[in-house]
Amino acid sequence: MSASAVLWVTLAVFAQESVWNFYDAQVPEQLRHYVTSAGVIGLIMGLDHSLGIFTQPSVGFLSDRLVRRRGGRWPIVLIGASLATVPFVLIPWAGSLPALVVCVVAFAAVANAFKGVTETLVSDYVSSGNRSKAQGVIKAGVSLTIIISALISLLVVDRSLHLAFAIPPALMLIMLGLSWWFLGRRHEQAVLPEQSTDGHRDVPDFASPWAVLRDALRTPSSPALLLMIGIFCFAGMWTALRSLTTPYGTELLGLTGGQAGGLALPGAVAFLLGVLPIAHWSDRIGQLRAMRYGVGLFVVGLLVGFAVPTVPGTVVAMVLSTLGYASFAVNALVALWNLAPTEKVLGTYTALYTIASSAGMALGPAILGTTIDLTSWRFMMLNAAAFAAVTFAVFTLLARRAPARTTP
């Protein structure tokens, strides 16, 4: 495993996630200036994620066609990041709900289109046997974006909202530029050669992304389909929790918007400290089992938050649930890549992950927000735990059907 390649891919993923984490922490609070319903806020936050369902398969398939060329997947990432910066910076300048929604949707449409392509970069430079460990390093880097988002919320938001929304995209462009300069610029020398497909069933040379999707989901009992259902469920509840924690902090705990945005900081530190041990532990027990245990810990964390509705109790809940999410984050995409019939379609298989996770992200915040409207903010953690229990059942089924390691 090339340490330098993992470093620069980590920086690229870090760059885009630094924007998404701040987006999820502060955009719901901006929407609250015009909308009082948590369900409507959740619906708007979910609609932006649904755009990836329509764009990711085609963009991922295009990136698979470009990977052996001089620039590889990098042009898609660099152009997409540049375009996404504009509407993101304009979010705090929006003076009405329609203007705010236009900025939010414009950013999400562009950012979702290249998000999966950036995540697929690791498969271009790291062999299949080392991708779980590489994902552990990448996710450790991503956890720092939560810390940065929380620090911007704590130190900048209450002083200058316009500056706060300008910092993450500026960091994104600088770090993507560095990553391309040291890795993407020599893509032809760094990219892995074609890997043998011995041991895989014969597959056609797929002519479209939809042909890849049909092959992956060919039967109702397809492991890829079951795994996508699990990804859908967990991504939905994690996004719902992350999107609604800031309003939860202001409504129930009496915090300011900046203070509530900082509730994610302890969890991010726990993620950073725990993600690499989790990656090695997952290699030993199997990716699907590790994800199942992670969902179980996620549920425990939510129940702690419900039982102790204070700032310290919420911090403990975020730490436990974030560690549970870490197990999922390290393993889900790699497990899906391992189901691909050939290395030539990994970008499209990343799109499968994006379809499942984006659908969950689209519905999760709206579902959880609606339950808050029906009950109250006091029951947010308990409502989320109930939905997460369904996710645990899905991964339990997967783990029992595939007890062996998913890593080849």
# chains A, B, ... in the order shown; residues from 1 in each chain; ligands from 1

call {"tool": "residues_around", "arguments": {"residues": "region 93-103 of chain A", "least_positions_apart": "2", "cutoff": "10 Å", "atoms": "only C-alpha atoms", "output": "CSV table (one decimal) with N, CA and C atoms, in the first residue's frame"}}
result
chain,number,residue,atom,x,y,z
A,27,VAL,N,-26.6,24.6,7.7
A,27,VAL,CA,-27.7,24.9,6.8
A,27,VAL,C,-29.1,24.7,7.4
A,30,GLN,N,-29.9,27.8,9.2
A,30,GLN,CA,-30.3,28.9,8.2
A,30,GLN,C,-31.8,28.7,7.8
A,31,LEU,N,-32.2,27.4,7.6
A,31,LEU,CA,-33.6,27.2,7.2
A,31,LEU,C,-34.5,27.5,8.3
A,32,ARG,N,-34.1,27.4,9.5
A,32,ARG,CA,-35.0,27.7,10.6
A,32,ARG,C,-35.4,29.2,10.7
A,33,HIS,N,-34.7,30.0,10.0
A,33,HIS,CA,-35.1,31.5,9.9
A,33,HIS,C,-36.4,31.6,9.2
A,34,TYR,N,-36.7,30.7,8.3
A,34,TYR,CA,-37.9,30.8,7.5
A,34,TYR,C,-38.9,29.7,7.7
A,35,VAL,N,-38.5,28.5,8.3
A,35,VAL,CA,-39.3,27.4,8.5
A,35,VAL,C,-39.2,26.9,9.9
A,44,ILE,N,-36.1,19.3,3.2
A,44,ILE,CA,-35.3,20.1,2.4
A,44,ILE,C,-33.8,19.6,2.4
A,45,MET,N,-33.4,19.2,3.6
A,45,MET,CA,-32.0,18.7,3.8
A,45,MET,C,-31.9,17.3,3.1
A,48,ASP,N,-31.7,17.6,-1.1
A,48,ASP,CA,-30.4,17.8,-1.8
A,48,ASP,C,-29.6,16.5,-2.0
A,84,ALA,N,-19.1,24.0,-7.5
A,84,ALA,CA,-19.9,23.9,-6.2
A,84,ALA,C,-19.6,25.0,-5.2
A,86,VAL,N,-19.4,28.2,-5.7
A,86,VAL,CA,-20.1,29.4,-5.9
A,86,VAL,C,-21.4,29.4,-5.1
A,87,PRO,N,-22.3,28.5,-5.3
A,87,PRO,CA,-23.6,28.5,-4.5
A,87,PRO,C,-23.4,28.3,-3.0
A,88,PHE,N,-22.4,27.6,-2.6
A,88,PHE,CA,-22.1,27.4,-1.2
A,88,PHE,C,-21.8,28.8,-0.5
A,89,VAL,N,-20.9,29.5,-1.1
A,89,VAL,CA,-20.5,30.8,-0.6
A,89,VAL,C,-21.7,31.8,-0.5
A,90,LEU,N,-22.7,31.6,-1.4
A,90,LEU,CA,-23.8,32.5,-1.5
A,90,LEU,C,-24.9,32.2,-0.5
A,91,ILE,N,-24.9,31.0,0.2
A,91,ILE,CA,-25.9,30.6,1.1
A,91,ILE,C,-26.2,31.7,2.2
A,105,VAL,N,-29.8,23.8,-3.3
A,105,VAL,CA,-30.0,22.8,-4.3
A,105,VAL,C,-28.9,22.9,-5.4
A,106,ALA,N,-28.5,24.1,-5.8
A,106,ALA,CA,-27.4,24.2,-6.7
A,106,ALA,C,-26.1,23.6,-6.2
A,107,PHE,N,-25.8,23.9,-5.0
A,107,PHE,CA,-24.6,23.3,-4.4
A,107,PHE,C,-24.7,21.8,-4.3
A,108,ALA,N,-25.8,21.3,-3.9
A,108,ALA,CA,-25.9,19.8,-3.7
A,108,ALA,C,-25.9,19.1,-5.0
A,109,ALA,N,-26.5,19.7,-6.1
A,109,ALA,CA,-26.5,19.1,-7.4
A,109,ALA,C,-25.1,18.9,-7.9
A,161,LEU,N,-21.2,35.1,9.9
A,161,LEU,CA,-21.7,34.0,9.1
A,161,LEU,C,-21.2,33.9,7.7
A,162,HIS,N,-21.0,35.1,7.1
A,162,HIS,CA,-20.5,35.1,5.7
A,162,HIS,C,-19.1,34.5,5.6
A,165,PHE,N,-19.1,30.7,6.1
A,165,PHE,CA,-19.4,29.9,4.9
A,165,PHE,C,-18.4,30.0,3.8

call {"tool": "residues_around", "arguments": {"residues": "Phe14 (chain A)", "least_positions_apart": "3", "cutoff": "9 Å", "atoms": "only C-alpha atoms", "output": "ChimeraX atom specification"}}
result
/A:9-11,17-19,138-139,141-145,172,175-176

call {"tool": "write_last_selection", "arguments": {"atoms": "N, CA and C atoms", "output": "compact mmCIF listing (two decimals), in the first residue's frame"}}
result
# COMPACT_ATOMS: atom_id res chain seq x y z
N VAL A 9 -4.96 10.93 -1.46
CA VAL A 9 -6.38 10.61 -1.62
C VAL A 9 -7.14 11.04 -0.37
N THR A 10 -6.53 10.81 0.79
CA THR A 10 -7.16 11.26 2.05
C THR A 10 -7.37 12.76 2.04
N LEU A 11 -6.39 13.50 1.55
CA LEU A 11 -6.52 14.95 1.50
C LEU A 11 -7.65 15.36 0.55
N GLU A 17 -15.27 16.68 2.15
CA GLU A 17 -16.05 16.43 3.35
C GLU A 17 -16.02 17.62 4.31
N SER A 18 -14.98 18.45 4.23
CA SER A 18 -14.94 19.63 5.08
C SER A 18 -16.11 20.56 4.76
N VAL A 19 -16.49 20.60 3.50
CA VAL A 19 -17.63 21.42 3.09
C VAL A 19 -18.94 20.76 3.52
N ILE A 138 -8.31 7.07 5.54
CA ILE A 138 -9.11 8.12 4.91
C ILE A 138 -10.19 8.61 5.87
N LYS A 139 -10.88 7.68 6.51
CA LYS A 139 -11.94 8.09 7.44
C LYS A 139 -11.38 8.80 8.66
N GLY A 141 -8.88 10.79 8.48
CA GLY A 141 -8.74 12.15 7.97
C GLY A 141 -10.06 12.87 7.88
N VAL A 142 -11.10 12.16 7.46
CA VAL A 142 -12.43 12.76 7.35
C VAL A 142 -12.93 13.22 8.71
N SER A 143 -12.59 12.48 9.76
CA SER A 143 -13.05 12.87 11.10
C SER A 143 -12.53 14.25 11.48
N LEU A 144 -11.38 14.61 10.95
CA LEU A 144 -10.84 15.93 11.23
C LEU A 144 -11.73 17.02 10.64
N THR A 145 -12.45 16.69 9.55
CA THR A 145 -13.34 17.69 8.97
C THR A 145 -14.48 18.02 9.93
N MET A 172 -11.40 23.56 0.62
CA MET A 172 -11.62 22.48 -0.35
C MET A 172 -10.79 22.70 -1.61
N MET A 175 -6.92 22.29 -0.86
CA MET A 175 -6.48 20.92 -0.60
C MET A 175 -6.63 20.02 -1.81
N LEU A 176 -7.69 20.21 -2.60
CA LEU A 176 -7.82 19.43 -3.84
C LEU A 176 -6.70 19.79 -4.81

call {"tool": "residues_around", "arguments": {"residues": "Phe395 (chain A)", "least_positions_apart": "2", "cutoff": "12 Å", "atoms": "only C-alpha atoms", "output": "VMD selection string"}}
result
chain A and resid 223 226 to 234 287 to 296 328 332 388 to 393 397 to 403

call {"tool": "residues_around", "arguments": {"residues": "region 262-272 of chain A", "least_positions_apart": "2", "cutoff": "6 Å", "atoms": "only C-alpha atoms", "output": "PyMOL selection string"}}
result
chain A and resi 140+143+146-147+150+154+259-260+274-275+318-319+322-323

call {"tool": "write_last_selection", "arguments": {"atoms": "N, CA, C and O atoms", "output": "tab-separated table (two decimals), in the first residue's frame"}}
result
chain	number	residue	atom	x	y	z
A	140	ALA	N	-10.17	8.43	9.07
A	140	ALA	CA	-9.53	9.18	10.15
A	140	ALA	C	-9.32	10.62	9.73
A	140	ALA	O	-9.55	11.57	10.50
A	143	SER	N	-12.59	12.48	9.76
A	143	SER	CA	-13.05	12.87	11.10
A	143	SER	C	-12.53	14.25	11.48
A	143	SER	O	-13.17	14.98	12.24
A	146	ILE	N	-14.93	17.02	10.70
A	146	ILE	CA	-15.97	17.29	11.70
A	146	ILE	C	-15.42	18.23	12.77
A	146	ILE	O	-16.11	19.15	13.23
A	147	ILE	N	-14.15	18.01	13.14
A	147	ILE	CA	-13.52	18.89	14.12
A	147	ILE	C	-13.42	20.31	13.57
A	147	ILE	O	-13.75	21.29	14.25
A	150	ALA	N	-16.82	21.89	13.48
A	150	ALA	CA	-17.24	22.28	14.82
A	150	ALA	C	-16.50	23.53	15.30
A	150	ALA	O	-17.08	24.42	15.92
A	154	LEU	N	-18.01	27.08	16.36
A	154	LEU	CA	-17.78	27.66	17.69
A	154	LEU	C	-17.11	29.03	17.62
A	154	LEU	O	-17.46	29.94	18.38
A	259	GLN	N	-22.70	27.12	19.57
A	259	GLN	CA	-22.44	26.11	20.60
A	259	GLN	C	-23.04	24.76	20.22
A	259	GLN	O	-22.42	23.71	20.41
A	260	ALA	N	-24.27	24.78	19.68
A	260	ALA	CA	-24.92	23.53	19.28
A	260	ALA	C	-24.17	22.87	18.14
A	260	ALA	O	-24.06	21.63	18.08
A	274	GLY	N	-10.50	6.23	17.17
A	274	GLY	CA	-10.96	4.85	17.08
A	274	GLY	C	-10.99	4.25	15.70
A	274	GLY	O	-11.06	3.02	15.56
A	275	VAL	N	-10.92	5.05	14.64
A	275	VAL	CA	-11.20	4.52	13.31
A	275	VAL	C	-10.12	3.55	12.83
A	275	VAL	O	-10.44	2.53	12.20
A	318	MET	N	-23.16	11.32	21.45
A	318	MET	CA	-22.51	11.57	20.17
A	318	MET	C	-21.22	10.78	20.04
A	318	MET	O	-20.87	10.29	18.95
A	319	VAL	N	-20.49	10.62	21.14
A	319	VAL	CA	-19.25	9.83	21.10
A	319	VAL	C	-19.55	8.38	20.76
A	319	VAL	O	-18.93	7.78	19.85
A	322	THR	N	-21.02	8.01	17.18
A	322	THR	CA	-20.01	8.28	16.16
A	322	THR	C	-19.05	7.11	16.03
A	322	THR	O	-18.63	6.76	14.92
A	323	LEU	N	-18.68	6.46	17.14
A	323	LEU	CA	-17.85	5.26	17.05
A	323	LEU	C	-18.59	4.15	16.32
A	323	LEU	O	-17.98	3.39	15.54

call {"tool": "residues_around", "arguments": {"residues": "Ala279 (chain A)", "least_positions_apart": "5", "cutoff": "7 Å", "atoms": "only C-alpha atoms", "output": "PyMOL selection string"}}
result
chain A and resi 132-133+136+330

call {"tool": "write_last_selection", "arguments": {"atoms": "N, CA, C and O atoms", "output": "PDB file, in the first residue's frame"}}
result
ATOM      1  N   SER A 132      -9.378  -1.758   2.913  1.00  0.00           N
ATOM      2  CA  SER A 132     -10.009  -1.520   4.206  1.00  0.00           C
ATOM      3  C   SER A 132      -9.106  -0.674   5.099  1.00  0.00           C
ATOM      4  O   SER A 132      -9.562   0.273   5.756  1.00  0.00           O
ATOM      5  N   LYS A 133      -7.817  -1.016   5.115  1.00  0.00           N
ATOM      6  CA  LYS A 133      -6.873  -0.228   5.917  1.00  0.00           C
ATOM      7  C   LYS A 133      -6.758   1.189   5.365  1.00  0.00           C
ATOM      8  O   LYS A 133      -6.685   2.158   6.128  1.00  0.00           O
ATOM      9  N   GLY A 136      -9.603   3.131   6.461  1.00  0.00           N
ATOM     10  CA  GLY A 136      -9.445   3.541   7.851  1.00  0.00           C
ATOM     11  C   GLY A 136      -8.652   4.836   7.955  1.00  0.00           C
ATOM     12  O   GLY A 136      -9.013   5.745   8.711  1.00  0.00           O
ATOM     13  N   VAL A 330     -15.932   2.718   7.610  1.00  0.00           N
ATOM     14  CA  VAL A 330     -14.723   2.045   7.151  1.00  0.00           C
ATOM     15  C   VAL A 330     -15.045   0.905   6.198  1.00  0.00           C
ATOM     16  O   VAL A 330     -14.317   0.657   5.227  1.00  0.00           O
TER      17      VAL A 330
END

call {"tool": "closest_residue", "arguments": {"among": "A:Ala224, A:Leu217, A:Val13, A:Ala240", "to": "Met380 (chain A)", "atoms": "only C-alpha atoms"}}
result
A:Ala240

call {"tool": "closest_residue", "arguments": {"among": "A:Val308, A:Val67, A:Leu225, A:Ile367", "to": "Gly347 (chain A)", "atoms": "only C-alpha atoms"}}
result
A:Val67

call {"tool": "residues_around", "arguments": {"residues": "Val117 (chain A)", "least_positions_apart": "3", "cutoff": "10 Å", "atoms": "only C-alpha atoms", "output": "list in words"}}
result
Val13, Gln56, Val59, Gly60, Phe61, Leu62, Ser63, Asp64, Arg73, Trp74, Ile76, Val77, Asn112, Ala113, Phe114, Thr120, Leu121, Val122, Leu346, Gly347, Thr348, Thr350 and Ala351 of chain A

call {"tool": "closest_residue", "arguments": {"among": "A:Thr245, A:Thr371, A:Thr36, A:Asn338", "to": "Phe387 (chain A)", "atoms": "only C-alpha atoms"}}
result
A:Thr371

call {"tool": "atom_distance", "arguments": {"atom1": "CA of Leu303 (chain A)", "atom2": "CA of Phe379 (chain A)"}}
result
10.2 Å

call {"tool": "closest_residue", "arguments": {"among": "A:Gly364, A:Gly184, A:Gly286, A:Gly324", "to": "Gly301 (chain A)", "atoms": "only C-alpha atoms"}}
result
A:Gly324
